[in-house]
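protein.cif, holding mmCIF, C-alpha atoms:
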```cif
data_query
loop_
_atom_site.label_atom_id
_atom_site.label_comp_id
_atom_site.auth_asym_id
_atom_site.auth_seq_id
_atom_site.Cartn_x
_atom_site.Cartn_y
_atom_site.Cartn_z
CA MET A 1 -10.70 -41.23 36.38
CA ASN A 2 -12.06 -42.15 39.79
CA LYS A 3 -10.45 -44.73 42.02
CA ALA A 4 -13.52 -46.97 42.09
CA HIS A 5 -13.36 -47.41 38.32
CA LEU A 6 -9.78 -48.68 38.43
CA GLN A 7 -10.56 -50.79 41.47
CA TYR A 8 -13.26 -52.71 39.61
CA HIS A 9 -11.86 -52.71 36.09
CA TRP A 10 -8.04 -52.82 36.37
CA TRP A 11 -7.88 -56.39 35.07
CA LYS A 12 -9.62 -55.35 31.84
CA TYR A 13 -6.87 -52.81 31.13
CA LEU A 14 -4.22 -55.45 31.77
CA LEU A 15 -6.01 -58.04 29.65
CA VAL A 16 -6.31 -55.60 26.74
CA PHE A 17 -2.58 -54.91 26.79
CA ILE A 18 -1.67 -58.62 26.90
CA PHE A 19 -4.17 -59.46 24.15
CA SER A 20 -3.03 -56.58 21.96
CA PHE A 21 0.63 -57.45 22.44
CA SER A 22 0.15 -61.13 21.57
CA VAL A 23 -2.04 -60.44 18.52
CA TRP A 24 0.29 -57.83 17.00
CA TYR A 25 3.39 -59.83 17.85
CA THR A 26 1.94 -62.84 16.02
CA VAL A 27 0.87 -60.72 13.04
CA PHE A 28 4.26 -59.01 12.72
CA HIS A 29 6.12 -62.27 13.23
CA SER A 30 4.20 -63.91 10.40
CA ILE A 31 4.60 -60.99 7.97
CA ALA A 32 8.32 -60.85 8.74
CA GLN A 33 8.76 -64.38 7.38
CA PRO A 34 10.42 -64.36 3.95
CA ASN A 35 8.34 -65.36 0.94
CA PRO A 36 8.81 -68.89 -0.46
CA ASN A 37 11.06 -67.50 -3.20
CA GLU A 38 13.20 -65.63 -0.68
CA LYS A 39 14.34 -68.65 1.30
CA LEU A 40 16.03 -71.96 0.68
CA ASN A 41 15.50 -74.78 3.13
CA VAL A 42 17.26 -78.12 2.90
CA LEU A 43 16.35 -80.97 5.23
CA PHE A 44 18.53 -84.00 5.86
CA VAL A 45 16.91 -86.95 7.62
CA GLY A 46 19.63 -89.22 8.93
CA GLU A 47 22.93 -89.23 10.79
CA SER A 48 26.52 -88.15 10.19
CA LEU A 49 26.12 -84.94 8.25
CA ASP A 50 28.02 -81.76 8.98
CA ALA A 51 24.94 -79.61 8.40
CA GLN A 52 26.58 -76.41 9.60
CA GLY A 53 29.54 -76.85 7.24
CA LEU A 54 27.26 -77.65 4.33
CA GLU A 55 25.11 -74.60 5.06
CA THR A 56 28.17 -72.33 5.17
CA GLU A 57 29.44 -73.67 1.87
CA ILE A 58 26.03 -73.33 0.20
CA LYS A 59 25.89 -69.71 1.38
CA GLN A 60 29.34 -69.10 -0.10
CA HIS A 61 28.46 -70.57 -3.50
CA LEU A 62 24.96 -69.18 -3.90
CA PRO A 63 25.75 -65.59 -4.97
CA ASP A 64 27.90 -66.93 -7.85
CA LEU A 65 25.30 -69.42 -9.01
CA THR A 66 22.04 -67.51 -9.00
CA SER A 67 20.79 -63.95 -9.19
CA GLN A 68 17.90 -64.81 -6.91
CA GLU A 69 17.96 -62.71 -3.73
CA LEU A 70 17.56 -64.83 -0.63
CA GLN A 71 16.91 -63.77 2.94
CA GLN A 72 17.29 -67.18 4.49
CA VAL A 73 19.38 -70.25 3.67
CA LYS A 74 19.11 -73.14 6.07
CA VAL A 75 20.28 -76.75 6.23
CA THR A 76 18.50 -78.72 8.92
CA GLN A 77 19.43 -82.16 10.14
CA THR A 78 17.08 -84.47 11.97
CA TYR A 79 16.99 -88.15 12.76
CA LEU A 80 13.57 -89.71 12.50
CA GLN A 81 12.46 -93.19 11.67
CA GLY A 82 9.29 -95.07 10.87
CA ASP A 83 5.95 -93.46 11.66
CA GLU A 84 7.55 -90.47 13.33
CA MET A 85 9.46 -89.59 10.17
CA PHE A 86 6.35 -90.14 8.12
CA GLN A 87 4.17 -87.89 10.28
CA VAL A 88 6.69 -85.07 10.53
CA LEU A 89 7.41 -85.05 6.82
CA GLN A 90 3.76 -85.35 5.90
CA THR A 91 2.95 -82.14 7.76
CA ARG A 92 6.15 -80.23 7.03
CA PHE A 93 7.49 -81.37 3.66
CA TYR A 94 6.16 -78.26 1.95
CA GLU A 95 8.41 -76.07 4.15
CA TYR A 96 11.54 -77.47 2.51
CA ASP A 97 12.86 -77.14 -1.02
CA ILE A 98 15.08 -80.21 -0.93
CA VAL A 99 14.74 -83.20 1.38
CA ILE A 100 17.55 -85.74 1.62
CA ILE A 101 16.75 -88.98 3.40
CA SER A 102 19.22 -91.70 4.34
CA GLU A 103 18.31 -95.29 3.57
CA SER A 104 17.57 -96.39 7.16
CA CYS A 105 15.04 -93.59 7.60
CA LEU A 106 13.41 -94.01 4.24
CA GLN A 107 10.13 -95.84 3.99
CA LYS A 108 8.60 -97.06 0.79
CA ASN A 109 5.79 -94.56 0.87
CA MET A 110 7.25 -91.37 -0.49
CA GLY A 111 4.44 -91.20 -3.02
CA VAL A 112 1.90 -90.96 -0.21
CA LEU A 113 4.08 -88.46 1.61
CA LEU A 114 4.28 -86.28 -1.49
CA GLU A 115 0.56 -86.67 -2.17
CA GLN A 116 1.42 -88.53 -5.39
CA ARG A 117 3.06 -85.38 -6.78
CA PHE A 118 5.81 -87.06 -8.68
CA MET A 119 8.66 -85.22 -10.40
CA THR A 120 8.03 -83.42 -13.65
CA GLN A 121 9.58 -84.61 -16.90
CA ALA A 122 11.65 -81.41 -16.98
CA LEU A 123 13.25 -82.15 -13.62
CA CYS A 124 13.90 -85.80 -14.56
CA ARG A 125 15.57 -84.66 -17.77
CA TYR A 126 17.67 -82.05 -16.00
CA PHE A 127 19.13 -84.68 -13.67
CA SER A 128 18.98 -87.46 -16.24
CA GLU A 129 22.35 -88.95 -15.33
CA TYR A 130 21.16 -89.95 -11.85
CA MET A 131 19.35 -93.06 -10.80
CA LEU A 132 15.72 -92.28 -10.09
CA TYR A 133 13.85 -93.20 -6.96
CA VAL A 134 10.70 -94.83 -8.31
CA GLU A 135 7.61 -96.15 -6.59
CA THR A 136 4.95 -98.25 -8.22
CA SER A 137 1.31 -97.79 -7.37
CA GLU A 138 -2.04 -98.70 -8.97
CA ASN A 139 -1.52 -95.86 -11.45
CA GLY A 140 1.88 -97.16 -12.50
CA ALA A 141 5.47 -96.20 -11.73
CA ALA A 142 6.35 -92.66 -10.77
CA ALA A 143 9.67 -90.98 -9.96
CA TYR A 144 9.94 -88.91 -6.80
CA GLY A 145 13.66 -88.38 -6.28
CA PHE A 146 17.23 -89.37 -7.04
CA LEU A 147 19.85 -91.62 -5.57
CA MET A 148 22.84 -89.61 -4.39
CA GLU A 149 26.27 -90.88 -5.29
CA GLN A 150 28.57 -91.15 -2.34
CA SER A 151 31.70 -90.13 -4.13
CA ARG A 152 30.36 -87.16 -6.00
CA GLY A 153 28.90 -83.76 -5.29
CA LEU A 154 29.05 -81.24 -2.50
CA PHE A 155 26.90 -83.42 -0.26
CA ALA A 156 29.52 -86.19 -0.31
CA ASN A 157 32.08 -83.78 1.19
CA TYR A 158 29.98 -83.25 4.29
CA TYR A 159 28.32 -86.65 4.65
CA LEU A 160 30.33 -89.06 6.78
CA GLY A 161 27.90 -91.96 6.84
CA LYS A 162 27.99 -95.12 4.76
CA GLU A 163 24.31 -95.43 3.95
CA LYS A 164 22.83 -94.52 0.63
CA CYS A 165 20.93 -91.25 0.53
CA TYR A 166 18.05 -90.15 -1.65
CA CYS A 167 17.34 -86.61 -2.68
CA PHE A 168 13.74 -85.42 -3.11
CA PRO A 169 12.96 -82.08 -4.71
CA SER A 170 9.83 -80.69 -3.10
CA PRO A 171 6.90 -80.46 -5.52
CA TRP A 172 5.75 -77.36 -3.56
CA SER A 173 9.04 -75.49 -3.91
CA GLU A 174 9.00 -72.31 -5.99
CA ASN A 175 12.76 -72.31 -6.40
CA PHE A 176 13.33 -74.86 -9.14
CA GLY A 177 13.32 -72.30 -11.94
CA GLY A 178 9.88 -73.41 -13.05
CA LEU A 179 11.04 -76.98 -13.77
CA ASN A 180 8.56 -78.42 -11.29
CA SER A 181 5.71 -76.32 -12.73
CA ARG A 182 5.88 -73.82 -9.89
CA GLY A 183 7.60 -70.49 -9.51
CA GLU A 184 9.47 -68.29 -11.96
CA LYS A 185 12.38 -69.23 -14.19
CA ALA A 186 14.61 -66.73 -12.40
CA ASP A 187 13.94 -68.36 -9.02
CA ASP A 188 16.34 -71.26 -9.43
CA CYS A 189 18.30 -71.41 -6.15
CA ALA A 190 16.98 -74.87 -5.21
CA LEU A 191 17.80 -76.17 -8.67
CA VAL A 192 21.41 -74.96 -8.63
CA ILE A 193 21.93 -76.14 -5.05
CA MET A 194 20.51 -79.57 -5.81
CA ASP A 195 22.82 -79.69 -8.80
CA LEU A 196 25.72 -78.72 -6.57
CA LEU A 197 24.78 -81.33 -3.97
CA LEU A 198 24.52 -84.09 -6.57
CA ASN A 199 27.18 -83.04 -9.08
CA GLY A 200 29.56 -80.70 -7.39
CA TYR A 201 29.14 -78.31 -10.31
CA VAL A 202 26.19 -76.63 -11.95
CA GLN A 203 24.89 -77.69 -15.34
CA GLU A 204 23.50 -75.32 -17.94
CA VAL A 205 19.70 -75.26 -17.97
CA SER A 206 18.71 -76.42 -21.43
CA GLU A 207 15.54 -75.02 -23.02
CA GLN A 208 12.83 -77.55 -22.30
CA MET B 1 -30.09 -24.54 44.21
CA ARG B 2 -27.93 -27.21 45.79
CA GLY B 3 -28.42 -30.92 45.95
CA GLU B 4 -29.50 -31.34 42.37
CA LEU B 5 -29.46 -34.18 39.96
CA TYR B 6 -26.67 -33.53 37.47
CA ASN B 7 -28.80 -34.58 34.56
CA ILE B 8 -32.35 -34.98 35.59
CA SER B 9 -34.16 -35.76 32.33
CA VAL B 10 -34.37 -39.27 30.96
CA GLY B 11 -33.99 -37.80 27.47
CA GLY B 12 -30.80 -36.10 28.60
CA ILE B 13 -29.35 -39.41 29.72
CA GLN B 14 -30.16 -40.99 26.36
CA LYS B 15 -28.55 -38.07 24.57
CA LYS B 16 -25.42 -38.43 26.68
CA ILE B 17 -25.27 -42.18 25.93
CA ARG B 18 -25.60 -41.48 22.20
CA ARG B 19 -22.87 -38.84 22.33
CA THR B 20 -20.49 -41.18 24.15
CA LYS B 21 -21.23 -44.02 21.72
CA CYS B 22 -20.44 -41.66 18.85
CA LEU B 23 -17.15 -40.79 20.53
CA CYS B 24 -16.36 -44.52 20.84
CA ALA B 25 -17.09 -45.06 17.13
CA MET B 26 -14.76 -42.19 16.23
CA LEU B 27 -12.09 -43.67 18.45
CA VAL B 28 -12.41 -47.07 16.75
CA ALA B 29 -12.14 -45.37 13.34
CA VAL B 30 -8.97 -43.54 14.42
CA MET B 31 -7.49 -46.79 15.76
CA LEU B 32 -8.22 -48.61 12.50
CA GLY B 33 -6.74 -45.73 10.51
CA LEU B 34 -3.57 -45.79 12.59
CA HIS B 35 -3.25 -49.57 12.17
CA VAL B 36 -3.61 -49.31 8.40
CA LEU B 37 -1.11 -46.43 8.30
CA PHE B 38 1.47 -48.26 10.43
CA LEU B 39 1.09 -51.44 8.38
CA CYS B 40 1.44 -49.50 5.12
CA ILE B 41 4.61 -47.66 6.12
CA ARG B 42 6.18 -50.79 7.62
CA THR B 43 9.52 -51.78 6.07
CA GLU B 44 12.27 -54.20 7.10
CA HIS B 45 14.10 -51.34 8.82
CA ASN B 46 11.24 -49.98 10.93
CA HIS B 47 9.59 -53.36 11.58
CA SER B 48 10.01 -53.27 15.40
CA LEU B 49 9.02 -49.63 15.67
CA MET B 50 5.80 -50.23 13.71
CA LEU B 51 5.06 -53.29 15.84
CA TRP B 52 5.27 -51.18 19.00
CA LEU B 53 3.32 -48.30 17.49
CA ASN B 54 0.53 -50.74 16.58
CA ILE B 55 0.53 -52.21 20.07
CA MET B 56 0.46 -48.74 21.62
CA ALA B 57 -2.31 -47.51 19.34
CA ASP B 58 -4.32 -50.62 20.09
CA THR B 59 -3.69 -50.53 23.83
CA PHE B 60 -4.36 -46.83 24.42
CA GLY B 61 -7.38 -46.87 22.12
CA SER B 62 -8.83 -49.90 23.89
CA TRP B 63 -8.11 -48.37 27.29
CA MET B 64 -10.06 -45.28 26.29
CA LEU B 65 -12.90 -47.46 25.03
CA ILE B 66 -12.97 -49.38 28.31
CA TYR B 67 -12.98 -46.14 30.25
CA LEU B 68 -15.74 -44.60 28.16
CA TYR B 69 -17.88 -47.72 28.27
CA PHE B 70 -17.54 -48.74 31.90
CA SER B 71 -17.34 -45.33 33.49
CA ARG B 72 -19.91 -43.57 31.29
CA ILE B 73 -22.12 -45.68 29.05
CA ALA B 74 -22.65 -48.59 31.46
CA LEU B 75 -23.32 -46.23 34.40
CA LEU B 76 -25.66 -44.05 32.38
CA LYS B 77 -27.54 -47.09 31.14
CA GLN B 78 -27.87 -48.50 34.65
CA PHE B 79 -29.05 -45.17 36.05
CA TYR B 80 -31.39 -44.75 33.10
CA LEU B 81 -33.11 -48.03 34.01
CA PHE B 82 -33.69 -46.81 37.58
CA ALA B 83 -34.69 -43.29 36.53
CA LYS B 84 -37.32 -44.66 34.16
CA LYS B 85 -39.12 -46.60 36.88
CA ARG B 86 -39.45 -44.13 39.82
CA GLU B 87 -41.26 -46.51 42.20
CA TYR B 88 -42.16 -44.10 45.00
CA GLN B 89 -41.45 -40.66 46.48
CA VAL B 90 -40.21 -39.69 49.93
CA ILE B 91 -40.33 -36.28 51.60
CA GLY B 92 -37.98 -35.58 54.51
CA THR B 93 -34.73 -34.15 55.83
CA VAL B 94 -31.30 -35.42 54.83
CA GLU B 95 -29.88 -36.58 58.18
CA TRP B 96 -26.59 -38.18 57.25
CA ILE B 97 -24.48 -38.83 54.17
CA SER B 98 -21.60 -41.32 54.15
CA GLU B 99 -18.13 -40.05 53.30
CA ARG B 100 -17.21 -43.03 51.19
CA THR B 101 -19.10 -44.61 48.35
CA VAL B 102 -20.30 -48.18 48.29
CA ARG B 103 -21.11 -50.37 45.28
CA TYR B 104 -24.85 -50.85 45.02
CA ARG B 105 -26.65 -52.24 41.98
CA GLN B 106 -23.50 -51.66 39.87
CA LEU B 107 -23.44 -47.96 40.83
CA ASP B 108 -21.10 -46.17 43.20
CA CYS B 109 -23.42 -44.65 45.75
CA TYR B 110 -23.31 -42.56 48.92
CA GLU B 111 -25.39 -43.97 51.74
CA VAL B 112 -27.99 -41.38 52.74
CA PHE B 113 -30.35 -41.39 55.74
CA ILE B 114 -33.68 -39.60 55.26
CA ASN B 115 -36.34 -39.88 57.97
CA GLY B 116 -34.24 -42.62 59.59
CA LYS B 117 -34.25 -44.78 56.50
CA LYS B 118 -31.27 -45.64 54.35
CA TYR B 119 -31.19 -44.80 50.63
CA PHE B 120 -28.42 -44.85 48.02
CA ALA B 121 -27.47 -41.70 46.11
CA PRO B 122 -25.45 -42.49 42.93
CA ALA B 123 -22.22 -40.50 43.29
CA ASP B 124 -22.01 -39.69 39.59
CA PHE B 125 -25.55 -38.38 39.28
CA ILE B 126 -26.94 -37.09 42.61
CA LYS B 127 -25.44 -34.46 44.86
CA LEU B 128 -26.94 -34.02 48.32
CA GLU B 129 -26.06 -32.19 51.52
CA THR B 130 -27.31 -32.71 55.04
CA THR B 131 -30.06 -30.70 56.78
CA PHE B 132 -31.92 -29.96 53.55
CA ASN B 133 -35.55 -30.83 53.22
CA VAL B 134 -35.98 -32.80 50.05
CA LYS B 135 -38.48 -34.70 48.00
CA ILE B 136 -36.83 -37.69 46.40
CA SER B 137 -37.93 -40.28 43.86
CA VAL B 138 -36.68 -43.76 44.64
CA THR B 139 -36.29 -47.01 42.69
CA SER B 140 -35.11 -50.13 44.57
CA GLY B 141 -33.52 -47.95 47.25
CA VAL B 142 -31.65 -45.79 44.70
CA ILE B 143 -32.40 -42.06 44.63
CA VAL B 144 -33.12 -41.13 41.04
CA GLU B 145 -34.48 -37.60 41.43
CA VAL B 146 -34.24 -34.83 44.01
CA ALA B 147 -36.38 -31.75 44.49
CA TYR B 148 -36.07 -29.26 47.31
CA GLU B 149 -38.99 -28.48 49.54
#
```
Have the structure of the file written as structure tokens, please.
Amino acid sequence: MNKAHLQYHWWKYLLVFIFSFSVWYTVFHSIAQPNPNEKLNVLFVGESLDAQGLETEIKQHLPDLTSQELQQVKVTQTYLQGDEMFQVLQTRFYEYDIVIISESCLQKNMGVLLEQRFMTQALCRYFSEYMLYVETSENGAAAYGFLMEQSRGLFANYYLGKEKCYCFPSPWSENFGGLNSRGEKADDCALVIMDLLLNGYVQEVSEQ
Amino acid sequence: MRGELYNISVGGIQKKIRRTKCLCAMLVAVMLGLHVLFLCIRTEHNHSLMLWLNIMADTFGSWMLIYLYFSRIALLKQFYLFAKKREYQVIGTVEWISERTVRYRQLDCYEVFINGKKYFAPADFIKLETTFNVKISVTSGVIVEVAYE
């Protein structure tokens, strides 16, 4: 290789390395992400939750409750209100299996946020003892989530606030054991964790 | 005979370009094969290793492609354009040849004085020495062919 070649073209060699590195890094980063049925993400929108403690306890209980193998279990807490909450959830709701929203952050437009994908009959039946979160639109009333009781369930142990909270199972989640018309029956980690958060114990899944 | 054109025929230049392009195509095929192989044997345990092997395969392959293109194909193509034209011929004695090359019309050339006039001899294609009587073909000041008188 003569010197003149490097003198005129050195930047092309550098550019190729940088380009190659960034492309392959991005590709490998994206393929390293666990599949939807290999992760459980819970989002809490509000204040006064010990998210770390809740996450640790969920991780402790999970192996006893489900045979589903998970690579990632995460409880995220954020405090958003109004339009900001709406915009963030509208673009990122599908990333979470369960979204819990405290009353002050909740807006009466969950139907829009969930693209009018209301809860299935099977899910409503499974959690039949809880008060439903219902919104009425031109097409009639539809249920999107549940009211969480403050004195009951695993969530109550880690929630220090006084506001009411509502729990929304994601219609895109593949971890509700097929009760929301997605995913396999064996992939039920979100279902058992939602049960644990609401009840404090796990119910038997009845044949629907 | 000294002071000859390394590859004097226009057909020869075309052949060389074709051969180098073929080499580039083979290189691309090898790179693609390596990428597929590394992606196929990737597991959770060797994830980082495969990432680096892919980057290395890509980088070294692309470096070779850059080298082949810019130091062979592009030069050959440029010289081919000049060699095809052959505007005029000059007969005379080589009086002086520069020690260093200069960039002229995208070619690295030695500056050559023949009959008191400056010409450019592409370093990768033309080899000249002083005091020889030569007959050269010139295009836009670039020597494209040399014959000895």
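Atom CA of B:Pro122 sits 18.3 Å away from atom CA of B:Gly11.
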Could you tell me how far atom CA of A:Pro34 sits from atom CA of A:Gln71, in Å to one decimal place? 6.6 Å
Exercise answer, chain A residues close to chain B, 9 Å and only C-alpha atoms, as a count of residues only: 19
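When all atoms listed in the file are used to compute distances to A:Thr91, the closest of the residues A:Asp195, A:Gln52, A:Glu115, A:Thr66 turns out to be A:Glu115.
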Matched chain/residue IDs from the PyMOL selection byres ((chain B and resi 76) around 12), as a PyMOL selection string: chain B and resi 6-21+68-75+77-84+106-108+122-125+144
